[in-house]
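Student: Contents of entry.csv (CSV, C-alpha atoms and all ligand atoms):
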```csv
chain,number,residue,atom,x,y,z
R,1,MET,CA,65.2,-23.6,-121.4
R,2,ILE,CA,67.6,-22.6,-118.8
R,3,ALA,CA,71.0,-23.7,-117.6
R,4,ARG,CA,69.9,-26.1,-114.9
R,5,ALA,CA,67.7,-28.0,-117.4
R,6,LEU,CA,70.4,-28.4,-120.0
R,7,PRO,CA,71.2,-32.1,-119.5
R,8,LEU,CA,67.6,-33.1,-120.0
R,9,LEU,CA,67.2,-30.7,-122.9
R,10,LEU,CA,70.3,-32.1,-124.7
R,11,LEU,CA,68.7,-35.5,-124.5
R,12,LEU,CA,65.5,-34.2,-126.0
R,13,ALA,CA,67.2,-32.1,-128.7
R,14,PRO,CA,67.8,-35.0,-131.2
R,15,LEU,CA,64.0,-35.7,-130.9
R,16,ALA,CA,63.2,-32.2,-131.9
R,17,GLY,CA,65.4,-32.5,-134.9
R,18,CYS,CA,63.2,-35.3,-136.3
R,19,GLY,CA,59.9,-33.9,-135.3
R,20,GLY,CA,59.5,-35.8,-132.1
R,21,GLY,CA,58.8,-32.7,-130.1
R,22,ASP,CA,55.8,-31.5,-132.1
R,23,GLU,CA,53.1,-33.4,-130.2
R,24,GLY,CA,51.9,-30.6,-128.0
R,25,SER,CA,48.4,-29.3,-127.8
R,26,THR,CA,47.1,-26.8,-130.3
R,27,GLY,CA,46.9,-23.2,-129.3
R,28,ALA,CA,43.8,-22.2,-127.4
R,29,GLY,CA,43.4,-19.1,-129.5
R,30,GLY,CA,43.0,-21.0,-132.8
R,31,ALA,CA,45.1,-20.4,-135.9
R,32,GLY,CA,43.4,-17.2,-136.9
R,33,GLY,CA,45.0,-15.1,-134.2
R,34,GLY,CA,41.8,-13.3,-133.3
R,35,GLY,CA,40.8,-12.7,-129.7
R,36,THR,CA,42.8,-13.7,-126.7
R,37,SER,CA,43.2,-17.0,-125.0
R,38,THR,CA,43.3,-17.4,-121.2
R,39,GLY,CA,46.0,-19.4,-119.6
R,40,ALA,CA,45.2,-21.8,-116.8
R,41,GLY,CA,48.3,-20.9,-114.8
R,42,ALA,CA,49.0,-18.0,-112.6
R,43,ALA,CA,46.7,-15.0,-112.4
R,44,PRO,CA,47.0,-12.5,-115.3
R,45,ALA,CA,49.4,-9.7,-114.7
R,46,LYS,CA,48.1,-6.5,-116.4
R,47,ILE,CA,50.5,-3.6,-116.7
R,48,GLY,CA,49.1,-1.4,-119.4
R,49,CYS,CA,50.7,0.8,-122.1
R,50,ASP,CA,50.6,4.6,-121.8
R,51,PRO,CA,50.3,6.1,-125.3
R,52,HIS,CA,52.0,9.2,-124.0
R,53,ALA,CA,55.1,7.4,-122.6
R,54,PRO,CA,58.4,8.0,-124.5
R,55,ALA,CA,58.8,6.0,-127.7
R,56,THR,CA,61.2,3.1,-127.4
R,57,THR,CA,62.7,0.7,-129.9
R,58,THR,CA,62.6,-2.2,-127.6
R,59,ALA,CA,59.6,-3.3,-125.6
R,60,SER,CA,58.8,-0.9,-122.7
R,61,CYS,CA,55.3,-1.9,-121.6
R,62,VAL,CA,53.1,-5.0,-121.2
R,63,LEU,CA,49.6,-4.8,-122.5
R,64,PHE,CA,48.7,-8.1,-121.0
R,65,PHE,CA,50.3,-11.4,-119.9
R,66,HIS,CA,48.3,-14.6,-119.6
R,67,PRO,CA,50.7,-17.3,-118.5
R,68,GLY,CA,49.8,-20.9,-119.2
R,69,PRO,CA,50.5,-24.1,-117.2
R,70,GLY,CA,54.2,-24.6,-116.6
R,71,ALA,CA,55.1,-20.9,-116.6
R,72,GLY,CA,56.9,-19.3,-113.7
R,73,PHE,CA,60.5,-18.7,-114.8
R,74,GLY,CA,61.3,-15.0,-115.1
R,75,GLN,CA,58.2,-13.8,-113.3
R,76,ASP,CA,60.4,-12.6,-110.3
R,77,ARG,CA,62.0,-10.2,-112.8
R,78,PHE,CA,58.8,-9.3,-114.7
R,79,PRO,CA,58.2,-7.1,-116.6
R,80,GLU,CA,61.8,-5.7,-116.9
R,81,ILE,CA,63.0,-9.1,-118.1
R,82,VAL,CA,61.2,-8.7,-121.4
R,83,PHE,CA,62.2,-5.0,-121.8
R,84,GLY,CA,65.3,-3.7,-123.4
R,85,PRO,CA,67.7,-5.5,-125.7
R,86,PRO,CA,68.1,-9.3,-125.9
R,87,HIS,CA,70.8,-11.2,-123.9
R,88,GLY,CA,71.7,-13.7,-126.5
R,89,ALA,CA,74.1,-16.6,-125.7
R,90,GLY,CA,75.0,-17.7,-129.2
R,91,LYS,CA,74.2,-20.9,-131.1
R,92,LYS,CA,75.1,-23.3,-128.3
R,93,ALA,CA,73.2,-21.9,-125.3
R,94,GLY,CA,69.9,-20.2,-124.5
R,95,SER,CA,69.6,-16.9,-122.6
R,96,THR,CA,68.3,-17.0,-119.1
R,97,ASP,CA,67.1,-13.4,-119.4
R,98,VAL,CA,63.7,-14.7,-120.4
R,99,LEU,CA,60.0,-15.0,-119.3
R,100,SER,CA,58.5,-18.4,-119.9
R,101,LEU,CA,54.9,-18.2,-121.2
R,102,GLY,CA,53.8,-21.7,-120.3
R,103,THR,CA,51.7,-24.0,-122.4
R,104,ASP,CA,49.6,-21.8,-124.7
R,105,GLY,CA,50.5,-18.7,-122.7
R,106,GLU,CA,50.5,-15.3,-124.3
R,107,ILE,CA,51.9,-11.9,-123.8
R,108,ALA,CA,51.5,-8.6,-125.7
R,109,LEU,CA,54.0,-5.8,-125.5
R,110,GLY,CA,54.2,-2.2,-126.6
R,111,PHE,CA,56.8,0.6,-127.2
R,112,GLY,CA,55.4,3.6,-125.3
R,113,ALA,CA,54.2,6.1,-127.9
R,114,GLY,CA,56.4,4.3,-130.4
R,115,ALA,CA,55.2,2.1,-133.3
R,116,ILE,CA,56.6,-0.2,-135.9
R,117,ASP,CA,56.4,0.9,-139.5
R,118,ASP,CA,56.6,-1.2,-142.6
R,119,GLY,CA,59.9,-0.3,-144.2
R,120,GLU,CA,62.2,-2.2,-146.5
R,121,GLY,CA,62.4,-5.8,-145.5
R,122,ASP,CA,62.1,-7.0,-142.0
R,123,ASP,CA,60.6,-4.5,-139.5
R,124,PHE,CA,61.0,-6.1,-136.0
R,125,ILE,CA,62.8,-9.0,-134.4
R,126,VAL,CA,61.5,-11.4,-131.7
R,127,PHE,CA,64.2,-13.0,-129.5
R,128,GLU,CA,63.5,-16.3,-127.7
R,129,ASN,CA,66.3,-18.6,-126.4
R,130,ALA,CA,66.5,-21.3,-129.0
R,131,PHE,CA,69.9,-23.0,-129.4
R,132,TYR,CA,71.5,-25.8,-131.3
R,133,ALA,CA,72.7,-28.9,-129.4
R,134,GLY,CA,76.5,-28.9,-129.8
R,135,GLY,CA,76.1,-25.9,-132.1
R,136,ASN,CA,74.7,-28.2,-134.8
R,137,PRO,CA,71.7,-26.7,-136.6
R,138,ALA,CA,70.4,-30.2,-137.3
R,139,TYR,CA,69.6,-30.5,-133.6
R,140,PRO,CA,67.7,-27.4,-132.6
R,141,PHE,CA,66.0,-26.9,-129.3
R,142,GLN,CA,63.0,-24.7,-130.0
R,143,GLU,CA,59.9,-23.6,-128.2
R,144,LEU,CA,57.9,-21.8,-130.9
R,145,GLY,CA,55.3,-19.1,-130.8
R,146,GLU,CA,52.9,-17.3,-133.1
R,147,VAL,CA,53.4,-13.6,-133.6
R,148,SER,CA,50.6,-11.1,-134.1
R,149,VAL,CA,50.5,-7.3,-134.3
R,150,SER,CA,47.9,-4.7,-133.5
R,151,THR,CA,47.3,-1.0,-133.6
R,152,ASP,CA,44.6,-0.8,-130.9
R,153,GLY,CA,45.5,-3.8,-128.7
R,154,GLU,CA,42.2,-5.5,-129.5
R,155,THR,CA,42.2,-6.4,-133.1
R,156,TRP,CA,45.2,-8.6,-134.1
R,157,THR,CA,46.7,-9.7,-137.4
R,158,ALA,CA,48.8,-12.9,-137.2
R,159,PHE,CA,51.9,-14.1,-139.0
R,160,PRO,CA,50.7,-17.6,-139.6
R,161,CYS,CA,52.8,-20.2,-137.6
R,162,THR,CA,52.4,-23.7,-138.9
R,163,ARG,CA,53.9,-27.0,-137.7
R,164,SER,CA,55.3,-30.0,-139.6
R,165,PRO,CA,57.4,-28.3,-140.8
R,166,TRP,CA,57.5,-25.2,-138.5
R,167,ILE,CA,57.2,-22.1,-140.7
R,168,GLY,CA,56.5,-18.5,-139.8
R,169,CYS,CA,56.9,-18.8,-136.0
R,170,ALA,CA,59.2,-17.0,-133.6
R,171,GLY,CA,61.6,-19.0,-131.5
R,172,ARG,CA,63.4,-20.8,-134.3
R,173,HIS,CA,66.8,-19.2,-134.3
R,174,PRO,CA,69.5,-18.7,-131.7
R,175,VAL,CA,70.2,-15.1,-130.5
R,176,GLU,CA,73.6,-13.6,-131.1
R,177,SER,CA,73.0,-10.0,-129.9
R,178,ASN,CA,73.9,-9.2,-126.3
R,179,PRO,CA,74.7,-5.9,-124.6
R,180,LYS,CA,78.2,-7.3,-123.8
R,181,ASN,CA,79.2,-8.3,-127.3
R,182,GLY,CA,78.3,-5.2,-129.3
R,183,ILE,CA,76.2,-7.1,-131.9
R,184,SER,CA,73.3,-4.9,-132.8
R,185,ALA,CA,69.8,-6.1,-131.8
R,186,PHE,CA,68.4,-4.0,-134.6
R,187,ASP,CA,70.2,-5.6,-137.6
R,188,PRO,CA,68.4,-8.8,-138.8
R,189,ALA,CA,71.6,-9.8,-140.6
R,190,VAL,CA,73.5,-10.3,-137.4
R,191,ALA,CA,71.2,-10.1,-134.4
R,192,GLY,CA,69.9,-13.6,-134.5
R,193,GLY,CA,66.3,-14.3,-133.4
R,194,ASP,CA,63.4,-14.3,-135.8
R,195,ALA,CA,62.6,-11.2,-137.9
R,196,PHE,CA,59.2,-10.3,-139.3
R,197,ASP,CA,58.1,-8.1,-142.2
R,198,LEU,CA,54.8,-6.3,-141.8
R,199,ALA,CA,54.3,-6.3,-145.5
R,200,ALA,CA,54.0,-10.1,-145.4
R,201,ILE,CA,50.6,-9.7,-143.7
R,202,GLY,CA,49.5,-6.5,-145.4
R,203,VAL,CA,50.0,-4.3,-142.3
R,204,THR,CA,51.6,-0.8,-142.6
R,205,SER,CA,52.1,0.0,-138.9
R,206,ALA,CA,51.7,-1.6,-135.5
R,207,ARG,CA,51.8,-0.5,-131.9
R,208,PHE,CA,51.7,-3.9,-130.2
R,209,VAL,CA,53.3,-7.3,-130.7
R,210,ARG,CA,51.6,-10.4,-129.2
R,211,ILE,CA,53.3,-13.8,-128.8
R,212,GLN,CA,51.3,-16.9,-128.2
R,213,ASP,CA,53.0,-20.2,-127.3
R,214,ARG,CA,52.3,-22.8,-129.9
R,215,HIS,CA,54.6,-25.6,-128.8
R,216,GLY,CA,52.5,-27.2,-126.2
R,217,THR,CA,54.1,-28.8,-123.2
R,218,ARG,CA,57.8,-28.7,-124.1
R,219,GLY,CA,60.3,-27.6,-121.4
R,220,ALA,CA,60.7,-28.5,-117.8
R,221,ASP,CA,58.0,-27.3,-115.4
R,222,GLY,CA,58.4,-23.6,-114.7
R,223,THR,CA,60.2,-23.1,-118.0
R,224,THR,CA,57.5,-24.6,-120.2
R,225,GLY,CA,56.6,-23.0,-123.5
R,226,PHE,CA,58.0,-20.0,-125.4
R,227,ASP,CA,60.7,-18.1,-123.5
R,228,LEU,CA,60.6,-14.4,-124.4
R,229,ASP,CA,63.9,-12.5,-124.1
R,230,ALA,CA,63.1,-9.2,-126.0
R,231,ILE,CA,61.6,-7.5,-129.0
R,232,ALA,CA,63.6,-5.0,-131.2
R,233,VAL,CA,62.1,-2.6,-133.7
R,234,VAL,CA,64.1,-2.3,-136.9
R,235,HIS,CA,61.8,0.3,-138.5
R,236,PRO,CA,60.4,2.6,-135.8
R,237,ALA,CA,57.7,5.1,-136.8
R,238,PRO,CA,59.1,8.6,-137.3
H,301,CA,CA,58.8,-4.3,-144.1
H,302,CA,CA,65.3,-10.3,-121.7
```
How does this structure look as structure tokens?

Tutor:
Amino acid sequence: MIARALPLLLLLAPLAGCGGGDEGSTGAGGAGGGGTSTGAGAAPAKIGCDPHAPATTTASCVLFFHPGPGAGFGQDRFPEIVFGPPHGAGKKAGSTDVLSLGTDGEIALGFGAGAIDDGEGDDFIVFENAFYAGGNPAYPFQELGEVSVSTDGETWTAFPCTRSPWIGCAGRHPVESNPKNGISAFDPAVAGGDAFDLAAIGVTSARFVRIQDRHGTRGADGTTGFDLDAIAVVHPAP
């Protein structure tokens, strides 16, 4: 969601709090997370990831991007808009430094030669632009996505993302970290966003993170679906 859509979103937010916003279509990729879906929106934008590029602790390359219907926002600043640290706006507002995936859209990002290792607790954080209407957690505005990881960019292991209630998805929590406020993007205790522990899915290391919109048709046209701000690696491979 973006600033110009706020009045509409605030009207919709109470519905989201009681489950009224959960009627979107199911993900084209299925629940297993295997394979890649193809969005029906704009043409795929393939960037590629160089395994010899410098290792980074925020996303620095795009393996693929398949926007779904209703995408568009952020593409004029793509791919840089999903690189680097998040630009959180706190509990009451969503960042506009985001790329909208569209309905069932998907994107996969890498970290140059870098990788995510399974360390103590959470290993990486995905930042969307969820917020709470009026700052009240009882009225969240969320556009959720399923997160998967891969070592080769072809075989994926998903963190199961279920609805009713929503569990295990990215895009649930507001983002606090912003380059202007000094809040670390790499500390799950303060950064906001949604943190994931590789141990939860039996993975010890990953080079790529994929996000697939799972929320169907939420959001105004152009900003439909999961809005990705950034990904931060808490436990980078040595
Ligand atoms: Ca871990
Ligand atoms: Ca961003």

Student: Measuring atom to atom with all atoms listed in the file, identify which of R:Ala71, R:Leu144, R:Val190, R:Ile125 is nearest to ligand CA 301 (chain H).

Tutor: R:Ile125

Student: Within 8 Å of ligand CA 301 (chain H), which residues show up when you count all atoms listed in the file? List them as a list in words, please.

Tutor: Asp117, Asp118, Gly119, Glu120, Gly121, Asp122, Asp123, Phe196, Asp197, Leu198, Ala199, Ala200 and His235 of chain R

Student: Given a cut-off of 9 Å, what residues near ligand CA 302 (chain H) show up using only C-alpha atoms and all ligand atoms, put as a PDB file with C-alpha atoms, in the frame of the given file?

Tutor:
```pdb
ATOM      1  CA  GLU R  80      61.800  -5.700-116.900  1.00  0.00           C
ATOM      2  CA  ILE R  81      63.000  -9.100-118.100  1.00  0.00           C
ATOM      3  CA  VAL R  82      61.200  -8.700-121.400  1.00  0.00           C
ATOM      4  CA  PHE R  83      62.200  -5.000-121.800  1.00  0.00           C
ATOM      5  CA  GLY R  84      65.300  -3.700-123.400  1.00  0.00           C
ATOM      6  CA  PRO R  85      67.700  -5.500-125.700  1.00  0.00           C
ATOM      7  CA  PRO R  86      68.100  -9.300-125.900  1.00  0.00           C
ATOM      8  CA  HIS R  87      70.800 -11.200-123.900  1.00  0.00           C
ATOM      9  CA  GLY R  88      71.700 -13.700-126.500  1.00  0.00           C
ATOM     10  CA  SER R  95      69.600 -16.900-122.600  1.00  0.00           C
ATOM     11  CA  THR R  96      68.300 -17.000-119.100  1.00  0.00           C
ATOM     12  CA  ASP R  97      67.100 -13.400-119.400  1.00  0.00           C
ATOM     13  CA  VAL R  98      63.700 -14.700-120.400  1.00  0.00           C
ATOM     14  CA  LEU R  99      60.000 -15.000-119.300  1.00  0.00           C
ATOM     15  CA  PHE R 127      64.200 -13.000-129.500  1.00  0.00           C
ATOM     16  CA  GLU R 128      63.500 -16.300-127.700  1.00  0.00           C
ATOM     17  CA  LEU R 228      60.600 -14.400-124.400  1.00  0.00           C
ATOM     18  CA  ASP R 229      63.900 -12.500-124.100  1.00  0.00           C
ATOM     19  CA  ALA R 230      63.100  -9.200-126.000  1.00  0.00           C
ATOM     20  CA  ILE R 231      61.600  -7.500-129.000  1.00  0.00           C
TER      21      ILE R 231
END
```

Student: If we count only C-alpha atoms and set the cut-off at 9 Å, which residues sit around R:Thr56, ignoring sequence neighbours fewer than 6 positions away in its own chain? Please answer as a VMD selection string.

Tutor: chain R and resid 84 110 to 115 233 236

Student: To one decimal place in Å, what is the distance between atom CA of R:Pro174 and atom CA of R:Phe131?

Tutor: 4.9 Å

Student: Do a neighbour search on R:Asn181 at 10 Å with all atoms listed in the file, toss out local chain neighbours closer than 3 positions, and write the hits as a ChimeraX atom specification.

Tutor: /R:87-89,176-178,184

Student: What does the distance between atom CA of R:Pro67 and atom CA of R:Gly102 come to in Å, to one decimal place?

Tutor: 5.7 Å

Student: Using all atoms listed in the file, can you tell me which of R:Lys91, R:Pro179, R:Ser150, R:Ala158 comes closest to R:Ala138?

Tutor: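 Closest to R:Ala138, using all atoms listed in the file: R:Lys91.
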
Student: Around (60.1, -18.2, -126.2) in the file's frame, which residues reach within 7 Å when counting only C-alpha atoms? Return as a PyMOL selection string?

Tutor: chain R and resi 100+128-129+143-145+171+225-228

Student: Point out the residue among R:Thr224, R:Pro79, R:Val209, R:Pro54 with the least atom-to-atom distance to R:Gly153, counting all atoms listed in the file.

Tutor: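 When distances to R:Gly153 are compared using all atoms listed in the file, the smallest one comes from R:Val209.
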
Student: Quick one: distance from atom CA of R:Val147 to atom CA of R:Gln75 in Å, one decimal?

Tutor: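 Separation between atom CA of R:Val147 and atom CA of R:Gln75: 20.9 Å.
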
Student: Kindly indicate which residue among R:His173, R:Phe208, R:Tyr132, R:Glu106 lies nearest to R:Ser60, using only C-alpha atoms for the distances.

Tutor: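 Smallest separation from R:Ser60 among the options: R:Phe208.
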
Student: Which one of R:Asp152, R:Asp50, R:Asp76, R:Glu146 sits closest to R:Asp213 if you count only C-alpha atoms?

Tutor: R:Glu146

Student: From the set R:Asn136, R:Arg214, R:Pro238, R:Gly68, which residue has the shortest atom-to-atom contact distance to R:Lys92, counting all atoms listed in the file?

Tutor: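 Of R:Asn136, R:Arg214, R:Pro238, R:Gly68, the one nearest R:Lys92 is R:Asn136, counting all atoms listed in the file.
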
Student: Please produce stretch 210-225 of chain R, completed to N, CA and C atoms, as a PDB file, in the coordinates of the input.

Tutor:
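Final output, part07.pdb:
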```pdb
ATOM      1  N   ARG R 210      52.085  -9.312-130.105  1.00  0.00           N
ATOM      2  CA  ARG R 210      51.600 -10.400-129.200  1.00  0.00           C
ATOM      3  C   ARG R 210      52.314 -11.688-129.600  1.00  0.00           C
ATOM      4  N   ILE R 211      52.691 -12.463-128.599  1.00  0.00           N
ATOM      5  CA  ILE R 211      53.300 -13.800-128.800  1.00  0.00           C
ATOM      6  C   ILE R 211      52.467 -14.805-128.069  1.00  0.00           C
ATOM      7  N   GLN R 212      52.062 -15.861-128.787  1.00  0.00           N
ATOM      8  CA  GLN R 212      51.300 -16.900-128.200  1.00  0.00           C
ATOM      9  C   GLN R 212      52.074 -18.242-128.325  1.00  0.00           C
ATOM     10  N   ASP R 213      52.325 -18.903-127.208  1.00  0.00           N
ATOM     11  CA  ASP R 213      53.000 -20.200-127.300  1.00  0.00           C
ATOM     12  C   ASP R 213      52.242 -21.158-128.142  1.00  0.00           C
ATOM     13  N   ARG R 214      52.984 -21.847-129.027  1.00  0.00           N
ATOM     14  CA  ARG R 214      52.300 -22.800-129.900  1.00  0.00           C
ATOM     15  C   ARG R 214      52.976 -24.187-129.816  1.00  0.00           C
ATOM     16  N   HIS R 215      53.813 -24.367-128.815  1.00  0.00           N
ATOM     17  CA  HIS R 215      54.600 -25.600-128.800  1.00  0.00           C
ATOM     18  C   HIS R 215      54.126 -26.586-127.756  1.00  0.00           C
ATOM     19  N   GLY R 216      52.991 -26.256-127.102  1.00  0.00           N
ATOM     20  CA  GLY R 216      52.500 -27.200-126.200  1.00  0.00           C
ATOM     21  C   GLY R 216      53.276 -27.335-124.906  1.00  0.00           C
ATOM     22  N   THR R 217      53.626 -28.538-124.541  1.00  0.00           N
ATOM     23  CA  THR R 217      54.100 -28.800-123.200  1.00  0.00           C
ATOM     24  C   THR R 217      55.643 -28.978-123.137  1.00  0.00           C
ATOM     25  N   ARG R 218      56.364 -28.461-124.109  1.00  0.00           N
ATOM     26  CA  ARG R 218      57.800 -28.700-124.100  1.00  0.00           C
ATOM     27  C   ARG R 218      58.447 -27.829-122.942  1.00  0.00           C
ATOM     28  N   GLY R 219      59.589 -28.299-122.452  1.00  0.00           N
ATOM     29  CA  GLY R 219      60.300 -27.600-121.400  1.00  0.00           C
ATOM     30  C   GLY R 219      59.944 -28.050-120.038  1.00  0.00           C
ATOM     31  N   ALA R 220      60.919 -28.035-119.132  1.00  0.00           N
ATOM     32  CA  ALA R 220      60.700 -28.500-117.800  1.00  0.00           C
ATOM     33  C   ALA R 220      59.675 -27.547-117.091  1.00  0.00           C
ATOM     34  N   ASP R 221      58.982 -28.084-116.062  1.00  0.00           N
ATOM     35  CA  ASP R 221      58.000 -27.300-115.400  1.00  0.00           C
ATOM     36  C   ASP R 221      58.608 -26.001-114.831  1.00  0.00           C
ATOM     37  N   GLY R 222      57.913 -24.914-115.024  1.00  0.00           N
ATOM     38  CA  GLY R 222      58.400 -23.600-114.700  1.00  0.00           C
ATOM     39  C   GLY R 222      59.041 -22.897-115.871  1.00  0.00           C
ATOM     40  N   THR R 223      59.566 -23.687-116.827  1.00  0.00           N
ATOM     41  CA  THR R 223      60.200 -23.100-118.000  1.00  0.00           C
ATOM     42  C   THR R 223      59.428 -23.577-119.286  1.00  0.00           C
ATOM     43  N   THR R 224      58.209 -24.063-119.099  1.00  0.00           N
ATOM     44  CA  THR R 224      57.500 -24.600-120.200  1.00  0.00           C
ATOM     45  C   THR R 224      57.089 -23.522-121.238  1.00  0.00           C
ATOM     46  N   GLY R 225      57.130 -23.901-122.495  1.00  0.00           N
ATOM     47  CA  GLY R 225      56.600 -23.000-123.500  1.00  0.00           C
ATOM     48  C   GLY R 225      57.644 -21.982-124.003  1.00  0.00           C
TER      49      GLY R 225
END
```
